[in-house]
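Participant: Dropping in upload-v4.pdb, which is PDB, C-alpha atoms:
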```pdb
ATOM      1  CA  MET F   1       8.422  89.492 251.771
ATOM      2  CA  SER F   2      11.484  87.966 253.416
ATOM      3  CA  LEU F   3      15.022  89.195 252.965
ATOM      4  CA  VAL F   4      16.326  88.796 249.431
ATOM      5  CA  ILE F   5      19.876  87.447 249.553
ATOM      6  CA  ASP F   6      22.237  86.731 246.690
ATOM      7  CA  SER F   7      24.062  83.651 247.959
ATOM      8  CA  HIS F   8      26.876  83.657 245.383
ATOM      9  CA  ILE F   9      28.901  86.680 244.338
ATOM     10  CA  HIS F  10      32.613  87.391 243.981
ATOM     11  CA  ALA F  11      34.425  90.623 244.781
ATOM     12  CA  TYR F  12      37.883  91.991 244.008
ATOM     13  CA  PRO F  13      39.610  95.317 244.591
ATOM     14  CA  GLU F  14      40.239  97.607 241.641
ATOM     15  CA  ALA F  15      43.981  96.958 241.843
ATOM     16  CA  VAL F  16      43.199  93.336 240.925
ATOM     17  CA  PHE F  17      40.643  93.802 238.178
ATOM     18  CA  ARG F  18      42.470  96.706 236.541
ATOM     19  CA  ASP F  19      45.033  94.175 235.285
ATOM     20  CA  PRO F  20      43.866  90.690 236.329
ATOM     21  CA  ARG F  21      46.487  88.703 234.452
ATOM     22  CA  GLY F  22      49.285  91.019 235.484
ATOM     23  CA  TRP F  23      48.173  90.677 239.101
ATOM     24  CA  ALA F  24      47.612  86.911 239.070
ATOM     25  CA  GLU F  25      50.696  85.592 237.324
ATOM     26  CA  PRO F  26      53.264  86.686 239.957
ATOM     27  CA  TYR F  27      51.161  84.902 242.582
ATOM     28  CA  GLY F  28      50.975  81.665 240.590
ATOM     29  CA  GLU F  29      47.226  81.943 239.972
ATOM     30  CA  SER F  30      47.192  80.898 236.332
ATOM     31  CA  TRP F  31      43.783  79.205 236.503
ATOM     32  CA  TRP F  32      42.016  82.347 237.737
ATOM     33  CA  ALA F  33      43.800  84.442 235.112
ATOM     34  CA  ASP F  34      42.745  82.068 232.331
ATOM     35  CA  CYS F  35      39.144  82.158 233.570
ATOM     36  CA  VAL F  36      38.733  85.920 233.890
ATOM     37  CA  ALA F  37      41.194  87.158 231.259
ATOM     38  CA  PRO F  38      41.649  84.354 228.720
ATOM     39  CA  ARG F  39      44.130  84.881 225.917
ATOM     40  CA  ASP F  40      42.249  82.819 223.325
ATOM     41  CA  ARG F  41      38.665  84.091 223.567
ATOM     42  CA  PRO F  42      36.621  87.077 224.736
ATOM     43  CA  SER F  43      36.019  87.232 228.465
ATOM     44  CA  ILE F  44      32.529  87.336 229.938
ATOM     45  CA  GLN F  45      33.900  88.347 233.319
ATOM     46  CA  GLY F  46      32.637  91.697 234.527
ATOM     47  CA  TRP F  47      34.088  93.810 237.301
ATOM     48  CA  ALA F  48      32.670  96.082 239.962
ATOM     49  CA  ASP F  49      33.974  97.970 242.959
ATOM     50  CA  VAL F  50      32.053  97.783 246.220
ATOM     51  CA  ASP F  51      30.077 100.978 245.611
ATOM     52  CA  THR F  52      28.930  99.627 242.249
ATOM     53  CA  LEU F  53      28.035  96.303 243.842
ATOM     54  CA  LEU F  54      25.854  98.010 246.445
ATOM     55  CA  HIS F  55      24.222 100.180 243.770
ATOM     56  CA  ASP F  56      23.412  97.103 241.692
ATOM     57  CA  MET F  57      22.032  95.309 244.746
ATOM     58  CA  ASP F  58      19.737  98.242 245.441
ATOM     59  CA  ALA F  59      18.579  98.363 241.820
ATOM     60  CA  ALA F  60      17.775  94.625 241.901
ATOM     61  CA  GLY F  61      16.020  94.741 245.278
ATOM     62  CA  ILE F  62      18.662  92.577 246.940
ATOM     63  CA  ASP F  63      19.083  93.181 250.653
ATOM     64  CA  GLN F  64      22.270  91.209 251.281
ATOM     65  CA  ALA F  65      24.892  89.303 249.327
ATOM     66  CA  VAL F  66      27.369  86.574 250.208
ATOM     67  CA  MET F  67      30.913  87.123 248.968
ATOM     68  CA  LEU F  68      32.473  83.776 248.146
ATOM     69  CA  GLY F  69      36.129  82.924 248.022
ATOM     70  CA  TRP F  70      37.643  81.796 244.745
ATOM     71  CA  TYR F  71      39.247  78.377 244.313
ATOM     72  CA  TRP F  72      42.774  79.745 244.442
ATOM     73  CA  GLN F  73      45.733  77.495 243.761
ATOM     74  CA  ASN F  74      47.666  78.912 246.715
ATOM     75  CA  GLN F  75      46.584  79.359 250.316
ATOM     76  CA  SER F  76      48.455  82.656 250.483
ATOM     77  CA  THR F  77      46.105  84.032 247.825
ATOM     78  CA  CYS F  78      43.126  82.759 249.793
ATOM     79  CA  GLU F  79      44.363  84.849 252.689
ATOM     80  CA  LYS F  80      44.637  87.928 250.476
ATOM     81  CA  GLN F  81      41.032  87.567 249.377
ATOM     82  CA  ASN F  82      39.814  86.892 252.901
ATOM     83  CA  ARG F  83      41.360  90.170 254.016
ATOM     84  CA  TRP F  84      39.628  92.048 251.171
ATOM     85  CA  MET F  85      36.284  90.511 252.039
ATOM     86  CA  ALA F  86      36.684  91.150 255.752
ATOM     87  CA  ALA F  87      37.289  94.842 255.095
ATOM     88  CA  TRP F  88      34.200  95.168 252.866
ATOM     89  CA  ARG F  89      32.047  93.166 255.251
ATOM     90  CA  ASP F  90      33.134  95.315 258.189
ATOM     91  CA  ALA F  91      32.361  98.489 256.237
ATOM     92  CA  HIS F  92      28.927  97.211 255.130
ATOM     93  CA  ALA F  93      27.945  94.734 257.817
ATOM     94  CA  ASP F  94      24.237  95.146 257.089
ATOM     95  CA  ARG F  95      24.640  94.210 253.412
ATOM     96  CA  LEU F  96      27.582  91.830 252.960
ATOM     97  CA  LEU F  97      28.451  88.394 254.354
ATOM     98  CA  ALA F  98      31.502  86.289 253.528
ATOM     99  CA  PHE F  99      32.519  82.658 253.075
ATOM    100  CA  THR F 100      36.195  82.004 253.639
ATOM    101  CA  ALA F 101      38.489  81.164 250.739
ATOM    102  CA  VAL F 102      40.677  78.154 251.471
ATOM    103  CA  ASN F 103      42.769  75.558 249.698
ATOM    104  CA  PRO F 104      42.522  72.262 251.627
ATOM    105  CA  ALA F 105      45.720  71.032 249.955
ATOM    106  CA  ALA F 106      47.652  73.481 252.140
ATOM    107  CA  GLY F 107      47.041  71.178 255.111
ATOM    108  CA  SER F 108      47.284  72.405 258.681
ATOM    109  CA  ILE F 109      47.845  76.054 257.797
ATOM    110  CA  ALA F 110      44.584  76.012 255.813
ATOM    111  CA  ILE F 111      42.721  74.635 258.823
ATOM    112  CA  GLU F 112      44.288  77.183 261.187
ATOM    113  CA  GLN F 113      43.506  80.124 258.948
ATOM    114  CA  THR F 114      39.956  78.951 258.243
ATOM    115  CA  ARG F 115      39.308  78.677 261.974
ATOM    116  CA  ARG F 116      40.560  82.233 262.423
ATOM    117  CA  TRP F 117      38.189  83.581 259.760
ATOM    118  CA  LEU F 118      35.236  81.662 261.150
ATOM    119  CA  ASP F 119      36.063  83.106 264.571
ATOM    120  CA  ALA F 120      36.106  86.519 262.891
ATOM    121  CA  GLY F 121      32.517  86.086 261.708
ATOM    122  CA  PHE F 122      32.759  84.482 258.293
ATOM    123  CA  VAL F 123      29.666  82.330 257.819
ATOM    124  CA  GLY F 124      30.716  79.576 255.410
ATOM    125  CA  ILE F 125      33.519  77.956 253.435
ATOM    126  CA  GLY F 126      34.028  78.097 249.677
ATOM    127  CA  GLU F 127      33.780  78.231 246.749
ATOM    128  CA  LEU F 128      36.153  75.241 246.314
ATOM    129  CA  LEU F 129      37.185  73.220 243.257
ATOM    130  CA  ASP F 130      39.264  70.134 243.918
ATOM    131  CA  ARG F 131      40.871  69.596 240.512
ATOM    132  CA  VAL F 132      42.172  73.154 240.354
ATOM    133  CA  GLN F 133      43.272  73.361 243.977
ATOM    134  CA  GLY F 134      45.041  70.016 244.071
ATOM    135  CA  TYR F 135      43.074  68.032 246.645
ATOM    136  CA  ARG F 136      40.521  65.207 246.538
ATOM    137  CA  TYR F 137      37.383  64.845 248.618
ATOM    138  CA  GLU F 138      38.770  61.629 250.089
ATOM    139  CA  ASP F 139      41.903  63.389 251.392
ATOM    140  CA  GLU F 140      42.493  63.838 255.090
ATOM    141  CA  CYS F 141      42.987  67.593 254.633
ATOM    142  CA  PHE F 142      39.473  67.937 253.225
ATOM    143  CA  SER F 143      37.982  65.762 255.964
ATOM    144  CA  GLU F 144      39.592  68.035 258.565
ATOM    145  CA  LEU F 145      38.007  71.036 256.904
ATOM    146  CA  VAL F 146      34.625  69.281 256.973
ATOM    147  CA  ALA F 147      35.068  68.647 260.682
ATOM    148  CA  LEU F 148      35.736  72.350 261.157
ATOM    149  CA  ALA F 149      32.575  73.252 259.240
ATOM    150  CA  GLU F 150      30.571  70.903 261.457
ATOM    151  CA  GLU F 151      32.129  72.402 264.581
ATOM    152  CA  TYR F 152      31.104  75.932 263.537
ATOM    153  CA  GLY F 153      27.817  74.936 261.934
ATOM    154  CA  VAL F 154      28.616  76.540 258.577
ATOM    155  CA  PRO F 155      27.954  75.329 255.018
ATOM    156  CA  PHE F 156      30.370  74.597 252.189
ATOM    157  CA  ASN F 157      30.070  75.959 248.663
ATOM    158  CA  LEU F 158      31.591  73.683 246.004
ATOM    159  CA  HIS F 159      31.959  74.463 242.312
ATOM    160  CA  VAL F 160      30.187  71.989 240.032
ATOM    161  CA  THR F 161      30.402  71.829 236.232
ATOM    162  CA  ASP F 162      27.598  70.394 234.131
ATOM    163  CA  PRO F 163      29.003  67.361 232.270
ATOM    164  CA  LYS F 164      27.772  68.800 228.980
ATOM    165  CA  LEU F 165      30.158  71.733 229.481
ATOM    166  CA  ASP F 166      33.275  69.705 230.339
ATOM    167  CA  ALA F 167      34.788  70.145 226.891
ATOM    168  CA  LYS F 168      34.309  73.916 226.757
ATOM    169  CA  ALA F 169      37.230  76.262 227.261
ATOM    170  CA  GLY F 170      37.759  77.152 230.906
ATOM    171  CA  MET F 171      35.624  74.287 232.214
ATOM    172  CA  GLN F 172      36.984  71.714 234.650
ATOM    173  CA  PRO F 173      35.191  68.340 234.835
ATOM    174  CA  THR F 174      33.563  67.568 238.190
ATOM    175  CA  PRO F 175      31.984  64.093 238.086
ATOM    176  CA  LEU F 176      28.555  64.390 239.656
ATOM    177  CA  ASP F 177      28.669  61.067 241.479
ATOM    178  CA  GLU F 178      31.488  62.440 243.633
ATOM    179  CA  PHE F 179      29.098  64.938 245.215
ATOM    180  CA  VAL F 180      26.523  62.278 245.954
ATOM    181  CA  ALA F 181      29.212  60.222 247.697
ATOM    182  CA  LEU F 182      30.450  63.305 249.532
ATOM    183  CA  GLY F 183      26.999  64.101 250.884
ATOM    184  CA  ARG F 184      26.572  60.547 252.118
ATOM    185  CA  GLN F 185      30.004  60.389 253.732
ATOM    186  CA  HIS F 186      29.587  63.704 255.585
ATOM    187  CA  SER F 187      25.892  63.624 256.394
ATOM    188  CA  ASN F 188      26.137  66.316 259.099
ATOM    189  CA  THR F 189      27.608  68.924 256.762
ATOM    190  CA  ARG F 190      25.498  71.101 254.461
ATOM    191  CA  PHE F 191      26.994  71.377 250.969
ATOM    192  CA  ILE F 192      25.858  74.070 248.550
ATOM    193  CA  LEU F 193      26.612  72.851 245.039
ATOM    194  CA  ALA F 194      27.127  75.861 242.799
ATOM    195  CA  HIS F 195      25.628  76.323 239.346
ATOM    196  CA  LEU F 196      22.576  74.165 240.080
ATOM    197  CA  GLY F 197      24.903  71.319 240.935
ATOM    198  CA  GLY F 198      25.779  70.795 237.291
ATOM    199  CA  GLY F 199      22.250  69.520 236.677
ATOM    200  CA  LEU F 200      22.412  66.993 239.492
ATOM    201  CA  PRO F 201      18.843  67.780 240.725
ATOM    202  CA  TRP F 202      17.258  66.408 237.556
ATOM    203  CA  ARG F 203      19.882  63.787 236.705
ATOM    204  CA  SER F 204      19.608  61.594 239.819
ATOM    205  CA  PRO F 205      17.077  63.174 242.211
ATOM    206  CA  SER F 206      15.915  59.948 243.828
ATOM    207  CA  SER F 207      19.363  59.137 245.176
ATOM    208  CA  LEU F 208      20.441  62.537 246.458
ATOM    209  CA  PRO F 209      21.459  62.963 250.102
ATOM    210  CA  THR F 210      19.318  65.467 251.971
ATOM    211  CA  ASN F 211      22.309  67.628 252.934
ATOM    212  CA  LEU F 212      22.917  68.778 249.340
ATOM    213  CA  TYR F 213      21.666  72.211 248.284
ATOM    214  CA  PHE F 214      21.937  73.952 244.926
ATOM    215  CA  ASP F 215      22.574  77.590 244.069
ATOM    216  CA  THR F 216      21.551  79.164 240.776
ATOM    217  CA  ALA F 217      24.855  80.982 240.116
ATOM    218  CA  ALA F 218      25.395  81.765 236.416
ATOM    219  CA  GLY F 219      22.116  80.012 235.635
ATOM    220  CA  PRO F 220      21.082  82.245 232.696
ATOM    221  CA  LEU F 221      24.488  81.710 231.122
ATOM    222  CA  ILE F 222      24.221  77.919 231.307
ATOM    223  CA  TYR F 223      20.543  76.973 231.208
ATOM    224  CA  GLU F 224      17.141  77.957 229.869
ATOM    225  CA  ALA F 225      14.653  79.304 232.411
ATOM    226  CA  ASP F 226      12.664  76.057 232.459
ATOM    227  CA  VAL F 227      15.383  74.339 234.509
ATOM    228  CA  TYR F 228      14.330  76.140 237.684
ATOM    229  CA  PRO F 229      10.815  74.645 237.880
ATOM    230  CA  ARG F 230      12.326  71.308 236.881
ATOM    231  CA  ALA F 231      14.874  71.471 239.721
ATOM    232  CA  ILE F 232      12.165  72.526 242.177
ATOM    233  CA  GLN F 233       9.950  69.678 241.089
ATOM    234  CA  GLN F 234      12.731  67.141 241.572
ATOM    235  CA  VAL F 235      14.345  68.240 244.841
ATOM    236  CA  GLY F 236      11.928  70.811 246.303
ATOM    237  CA  ALA F 237      12.102  74.582 246.621
ATOM    238  CA  ASP F 238      13.748  74.195 250.026
ATOM    239  CA  LYS F 239      16.951  72.954 248.339
ATOM    240  CA  ILE F 240      17.425  75.858 245.882
ATOM    241  CA  LEU F 241      19.300  79.087 246.689
ATOM    242  CA  PHE F 242      19.290  82.186 244.533
ATOM    243  CA  GLY F 243      22.815  83.192 243.501
ATOM    244  CA  SER F 244      23.866  85.348 240.574
ATOM    245  CA  ASP F 245      27.654  84.850 240.261
ATOM    246  CA  TYR F 246      27.955  88.646 240.088
ATOM    247  CA  PRO F 247      29.972  90.313 238.581
ATOM    248  CA  LEU F 248      30.049  87.629 235.877
ATOM    249  CA  ARG F 249      28.140  88.849 232.814
ATOM    250  CA  ILE F 250      25.429  86.208 232.835
ATOM    251  CA  TYR F 251      23.568  87.905 229.965
ATOM    252  CA  PRO F 252      26.560  88.685 227.729
ATOM    253  CA  ARG F 253      24.484  89.200 224.571
ATOM    254  CA  GLU F 254      22.181  91.708 226.224
ATOM    255  CA  SER F 255      24.525  93.601 228.517
ATOM    256  CA  ARG F 256      28.187  94.558 228.582
ATOM    257  CA  ARG F 257      28.160  95.097 232.326
ATOM    258  CA  PRO F 258      27.326  92.819 235.250
ATOM    259  CA  GLU F 259      23.848  92.953 236.704
ATOM    260  CA  MET F 260      21.553  91.145 239.105
ATOM    261  CA  GLY F 261      18.148  92.629 238.420
ATOM    262  CA  ARG F 262      17.398  90.771 235.204
ATOM    263  CA  PHE F 263      18.019  87.452 236.961
ATOM    264  CA  VAL F 264      15.754  88.441 239.873
ATOM    265  CA  ASP F 265      13.072  89.329 237.323
ATOM    266  CA  GLU F 266      13.554  85.937 235.667
ATOM    267  CA  ILE F 267      12.857  84.175 238.961
ATOM    268  CA  HIS F 268       9.859  86.459 239.554
ATOM    269  CA  GLY F 269       8.584  85.478 236.123
ATOM    270  CA  LEU F 270       8.262  81.841 237.186
ATOM    271  CA  ASN F 271       5.204  82.854 239.263
ATOM    272  CA  LEU F 272       6.184  80.550 242.086
ATOM    273  CA  PRO F 273       4.103  80.282 245.245
ATOM    274  CA  VAL F 274       5.126  83.038 247.652
ATOM    275  CA  THR F 275       6.516  80.540 250.157
ATOM    276  CA  ASP F 276       8.720  78.931 247.492
ATOM    277  CA  PHE F 277       9.901  82.279 246.163
ATOM    278  CA  ASP F 278      10.816  83.564 249.616
ATOM    279  CA  ALA F 279      12.655  80.346 250.416
ATOM    280  CA  ILE F 280      14.721  80.408 247.241
ATOM    281  CA  MET F 281      15.467  84.121 247.431
ATOM    282  CA  GLY F 282      16.844  84.060 250.959
ATOM    283  CA  GLY F 283      15.034  81.866 253.438
ATOM    284  CA  ASN F 284      16.883  78.687 252.541
ATOM    285  CA  LEU F 285      20.264  80.349 252.905
ATOM    286  CA  ILE F 286      19.346  81.798 256.284
ATOM    287  CA  SER F 287      18.457  78.301 257.488
ATOM    288  CA  LEU F 288      21.954  77.088 256.545
ATOM    289  CA  LEU F 289      23.921  79.836 258.247
ATOM    290  CA  PRO F 290      25.067  79.780 261.870
ATOM    291  CA  THR F 291      22.703  81.599 264.215
ATOM    292  CA  ARG F 292      25.305  84.285 264.930
ATOM    293  CA  ALA F 293      25.025  85.394 261.296
TER     294      ALA F 293
END
```
Go ahead and express the file in the form of structure tokens.
Facilitator:
Amino acid sequence: MSLVIDSHIHAYPEAVFRDPRGWAEPYGESWWADCVAPRDRPSIQGWADVDTLLHDMDAAGIDQAVMLGWYWQNQSTCEKQNRWMAAWRDAHADRLLAFTAVNPAAGSIAIEQTRRWLDAGFVGIGELLDRVQGYRYEDECFSELVALAEEYGVPFNLHVTDPKLDAKAGMQPTPLDEFVALGRQHSNTRFILAHLGGGLPWRSPSSLPTNLYFDTAAGPLIYEADVYPRAIQQVGADKILFGSDYPLRIYPRESRRPEMGRFVDEIHGLNLPVTDFDAIMGGNLISLLPTRA
């Protein structure tokens, strides 16, 4: 079997998750604080230090994981997270990869710092969310970031919300037609649309650009298991990437702690052809990463 890679996790130091709201508010990161430590409802966010992450990867049979940036409101916070991820990646180079956090609205400094992290071995850009970070996909700052991704041959990860969830607390609308237009406008860039692209694979499959890919992050929290065969049928197994959204508690009714193994078992339970399973569980991601990765 090929390498099993979780293409979508997040990681924070204990000093951050010990008091997430107390850490975030002085840095002006109110959106992140409201997502992970909401005042008006129970949180489903879990936390894990790096040793726990590696233990959970081993238990789930996951060889490597990609640490994604968060869609921070401030570029200075993106830099903080990039430094955390660089340290963990350097300490566990055989297990952890990293996409650079960036806020395109920061302009030239965002481009300069992203170039530095790509030079330092980061293998992608994202996760980004325009309406939280204050940019639009038509903006020049985003186009410059796309050009940088094309120069380095790395993919983007973009947060996508299913339209049926727009009204739920903590959800930010992301109109699906924007991603179709984005893929067409930047046909040489590979975009990974998080959370199964908000259902885009089965909502308009015939019109989707070929440079759009879809990760399964938080899938069990959002969808029933039958969506995976449906997505595969519509866009092909070569467009789907396994991602857990660890350490989010994607089975909050069954477990009080984050885990990956149950989700891996759920994908196993689909009884996919071996070639499809291997592609989804790591092969597709490998094909998107720069060869130096």
Participant: Anything within 8 Å of (35.1, 84.5, 247.6): list those residues as JSON, numbers by chain, counting all atoms listed in the file and sticking to the file's coordinates.
Facilitator: {"F": [9, 10, 11, 67, 68, 69, 70, 81, 82, 85, 98, 99, 100, 101, 126, 127]}
Participant: Based on the selection just made, write C-alpha atoms of those residues as a CSV table (one decimal), keeping the file's coordinate frame.
Facilitator:
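Okay, this is what ended up in result00.csv:
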```
chain,number,residue,atom,x,y,z
F,9,ILE,CA,28.9,86.7,244.3
F,10,HIS,CA,32.6,87.4,244.0
F,11,ALA,CA,34.4,90.6,244.8
F,67,MET,CA,30.9,87.1,249.0
F,68,LEU,CA,32.5,83.8,248.1
F,69,GLY,CA,36.1,82.9,248.0
F,70,TRP,CA,37.6,81.8,244.7
F,81,GLN,CA,41.0,87.6,249.4
F,82,ASN,CA,39.8,86.9,252.9
F,85,MET,CA,36.3,90.5,252.0
F,98,ALA,CA,31.5,86.3,253.5
F,99,PHE,CA,32.5,82.7,253.1
F,100,THR,CA,36.2,82.0,253.6
F,101,ALA,CA,38.5,81.2,250.7
F,126,GLY,CA,34.0,78.1,249.7
F,127,GLU,CA,33.8,78.2,246.7
```
Participant: With distances taken over only C-alpha atoms, which of F:Val274, F:Ala149, F:Ala231, F:Ala181 is nearest to Tyr137 of chain F?
Facilitator: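 Closest to Tyr137 of chain F of all the choices is F:Ala181.
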Participant: May I ask which of the residues F:Met171, F:Leu270, F:Ala87, F:Ile44 is the closest one to Ser255 of chain F, counting only C-alpha atoms?
Facilitator: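 Using only C-alpha atoms, Ser255 of chain F sits closest to F:Ile44.
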Participant: At a cut-off of 8 Å, using all atoms listed in the file, what residues contact segment 4-8 of chain F? Leave out same-chain residues fewer than 6 positions from it and give the result as a PyMOL selection string.
Facilitator: chain F and resi 61-68+215+217+241-246+278+281-282+285
Participant: Run the PyMOL selection byres ((chain F and resi 261) around 12) on the file and write out the hits as an mmCIF file with C-alpha atoms, in the coordinates of the input.
Facilitator:
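Printed below is selection_37.cif as written:
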```
data_model
loop_
_atom_site.group_PDB
_atom_site.id
_atom_site.type_symbol
_atom_site.label_atom_id
_atom_site.label_comp_id
_atom_site.auth_asym_id
_atom_site.auth_seq_id
_atom_site.Cartn_x
_atom_site.Cartn_y
_atom_site.Cartn_z
ATOM 1 C CA VAL F 4 16.326 88.796 249.431
ATOM 2 C CA ASP F 6 22.237 86.731 246.690
ATOM 3 C CA LEU F 53 28.035 96.303 243.842
ATOM 4 C CA HIS F 55 24.222 100.180 243.770
ATOM 5 C CA ASP F 56 23.412 97.103 241.692
ATOM 6 C CA MET F 57 22.032 95.309 244.746
ATOM 7 C CA ASP F 58 19.737 98.242 245.441
ATOM 8 C CA ALA F 59 18.579 98.363 241.820
ATOM 9 C CA ALA F 60 17.775 94.625 241.901
ATOM 10 C CA GLY F 61 16.020 94.741 245.278
ATOM 11 C CA ILE F 62 18.662 92.577 246.940
ATOM 12 C CA GLY F 243 22.815 83.192 243.501
ATOM 13 C CA SER F 244 23.866 85.348 240.574
ATOM 14 C CA TYR F 246 27.955 88.646 240.088
ATOM 15 C CA ILE F 250 25.429 86.208 232.835
ATOM 16 C CA TYR F 251 23.568 87.905 229.965
ATOM 17 C CA SER F 255 24.525 93.601 228.517
ATOM 18 C CA ARG F 257 28.160 95.097 232.326
ATOM 19 C CA PRO F 258 27.326 92.819 235.250
ATOM 20 C CA GLU F 259 23.848 92.953 236.704
ATOM 21 C CA MET F 260 21.553 91.145 239.105
ATOM 22 C CA ARG F 262 17.398 90.771 235.204
ATOM 23 C CA PHE F 263 18.019 87.452 236.961
ATOM 24 C CA VAL F 264 15.754 88.441 239.873
ATOM 25 C CA ASP F 265 13.072 89.329 237.323
ATOM 26 C CA GLU F 266 13.554 85.937 235.667
ATOM 27 C CA ILE F 267 12.857 84.175 238.961
ATOM 28 C CA HIS F 268 9.859 86.459 239.554
#
```
Participant: So the first atom is atom CA of Arg95 of chain F and the second is atom CA of Asp276 of chain F; what is the distance between them in Å, to one decimal place?
Facilitator: 22.8 Å
Participant: Taking into account only C-alpha atoms, which residue in the set F:Trp88, F:Asn103, F:Glu150, F:Ala279 is nearest to Leu128 of chain F?
Facilitator: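 Checking each of F:Trp88, F:Asn103, F:Glu150, F:Ala279 against Leu128 of chain F, counting only C-alpha atoms, the winner is F:Asn103.
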Participant: So how many Å separate atom CA of Arg203 of chain F and atom CA of Gly283 of chain F, to one decimal?
Facilitator: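 According to the coordinates, atom CA of Arg203 of chain F and atom CA of Gly283 of chain F are separated by 25.1 Å.
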Participant: Atom CA of Phe17 of chain F and atom CA of Asp49 of chain F are how many Å apart?
Facilitator: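 Atom CA of Asp49 of chain F lies at a distance of 9.2 Å from atom CA of Phe17 of chain F.
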Participant: Do a neighbour search on segment 104-116 of chain F at 9 Å with all atoms listed in the file, toss out local chain neighbours closer than 4 positions, and write the hits as a PyMOL selection string.
Facilitator: chain F and resi 73-75+79+100+120-121+125+128+130+133-136+139-142+144-145+148+152
Participant: Written as an MDAnalysis selection string, what is the full residue list that the PyMOL selection byres ((chain F and resi 34) around 10) yields on the file shown?
Facilitator: chainID F and resid 20:21 24 29:33 35:41 43 169:170
Participant: Skip His186 of chain F itself and residues of its chain fewer than 2 positions away, then list as a PyMOL selection string all residues within 9 Å of it, counting all atoms listed in the file.
Facilitator: chain F and resi 143+146-147+181-184+188-190+211
Participant: Using the chain letters and numbers from the file, give me the residues hit by the PyMOL selection byres ((chain F and resi 47) around 7), as a PyMOL selection string.
Facilitator: chain F and resi 17+45-46+48+247
Participant: Given only C-alpha atoms, how would the per-residue table for segment 211-230 of chain F near segment 191-202 of chain F read, listing every residue at most 8 Å away with its closest atom pair and distance in Å to one decimal, sorted by chain and number, as a tab-separated table?
Facilitator:
```
residue	atom	partner	partner_atom	distance
F:Asn211	CA	F:Phe191	CA	6.3
F:Leu212	CA	F:Phe191	CA	5.1
F:Tyr213	CA	F:Ile192	CA	4.6
F:Phe214	CA	F:Leu193	CA	4.8
F:Asp215	CA	F:Ala194	CA	5.0
F:Thr216	CA	F:Leu196	CA	5.2
F:Ala217	CA	F:His195	CA	4.8
F:Ala218	CA	F:His195	CA	6.2
F:Gly219	CA	F:His195	CA	6.3
F:Arg230	CA	F:Trp202	CA	7.0
```
Participant: Show me, as JSON, the centre and edge lengths in Å to one decimal of the axis-aligned box that covers every listed atom of segment 66-84 of chain F with 5 Å on each side.
Facilitator:
```
{"center_x": 37.9, "center_y": 84.8, "center_z": 248.9, "size_x": 31.1, "size_y": 24.6, "size_z": 20.3}
```
Participant: How would you write as a PyMOL selection string the residues that get within 6 Å of (24.9, 74.4, 257.6) in the file's frame, counting all atoms listed in the file?
Facilitator: chain F and resi 153-155+190+288-289
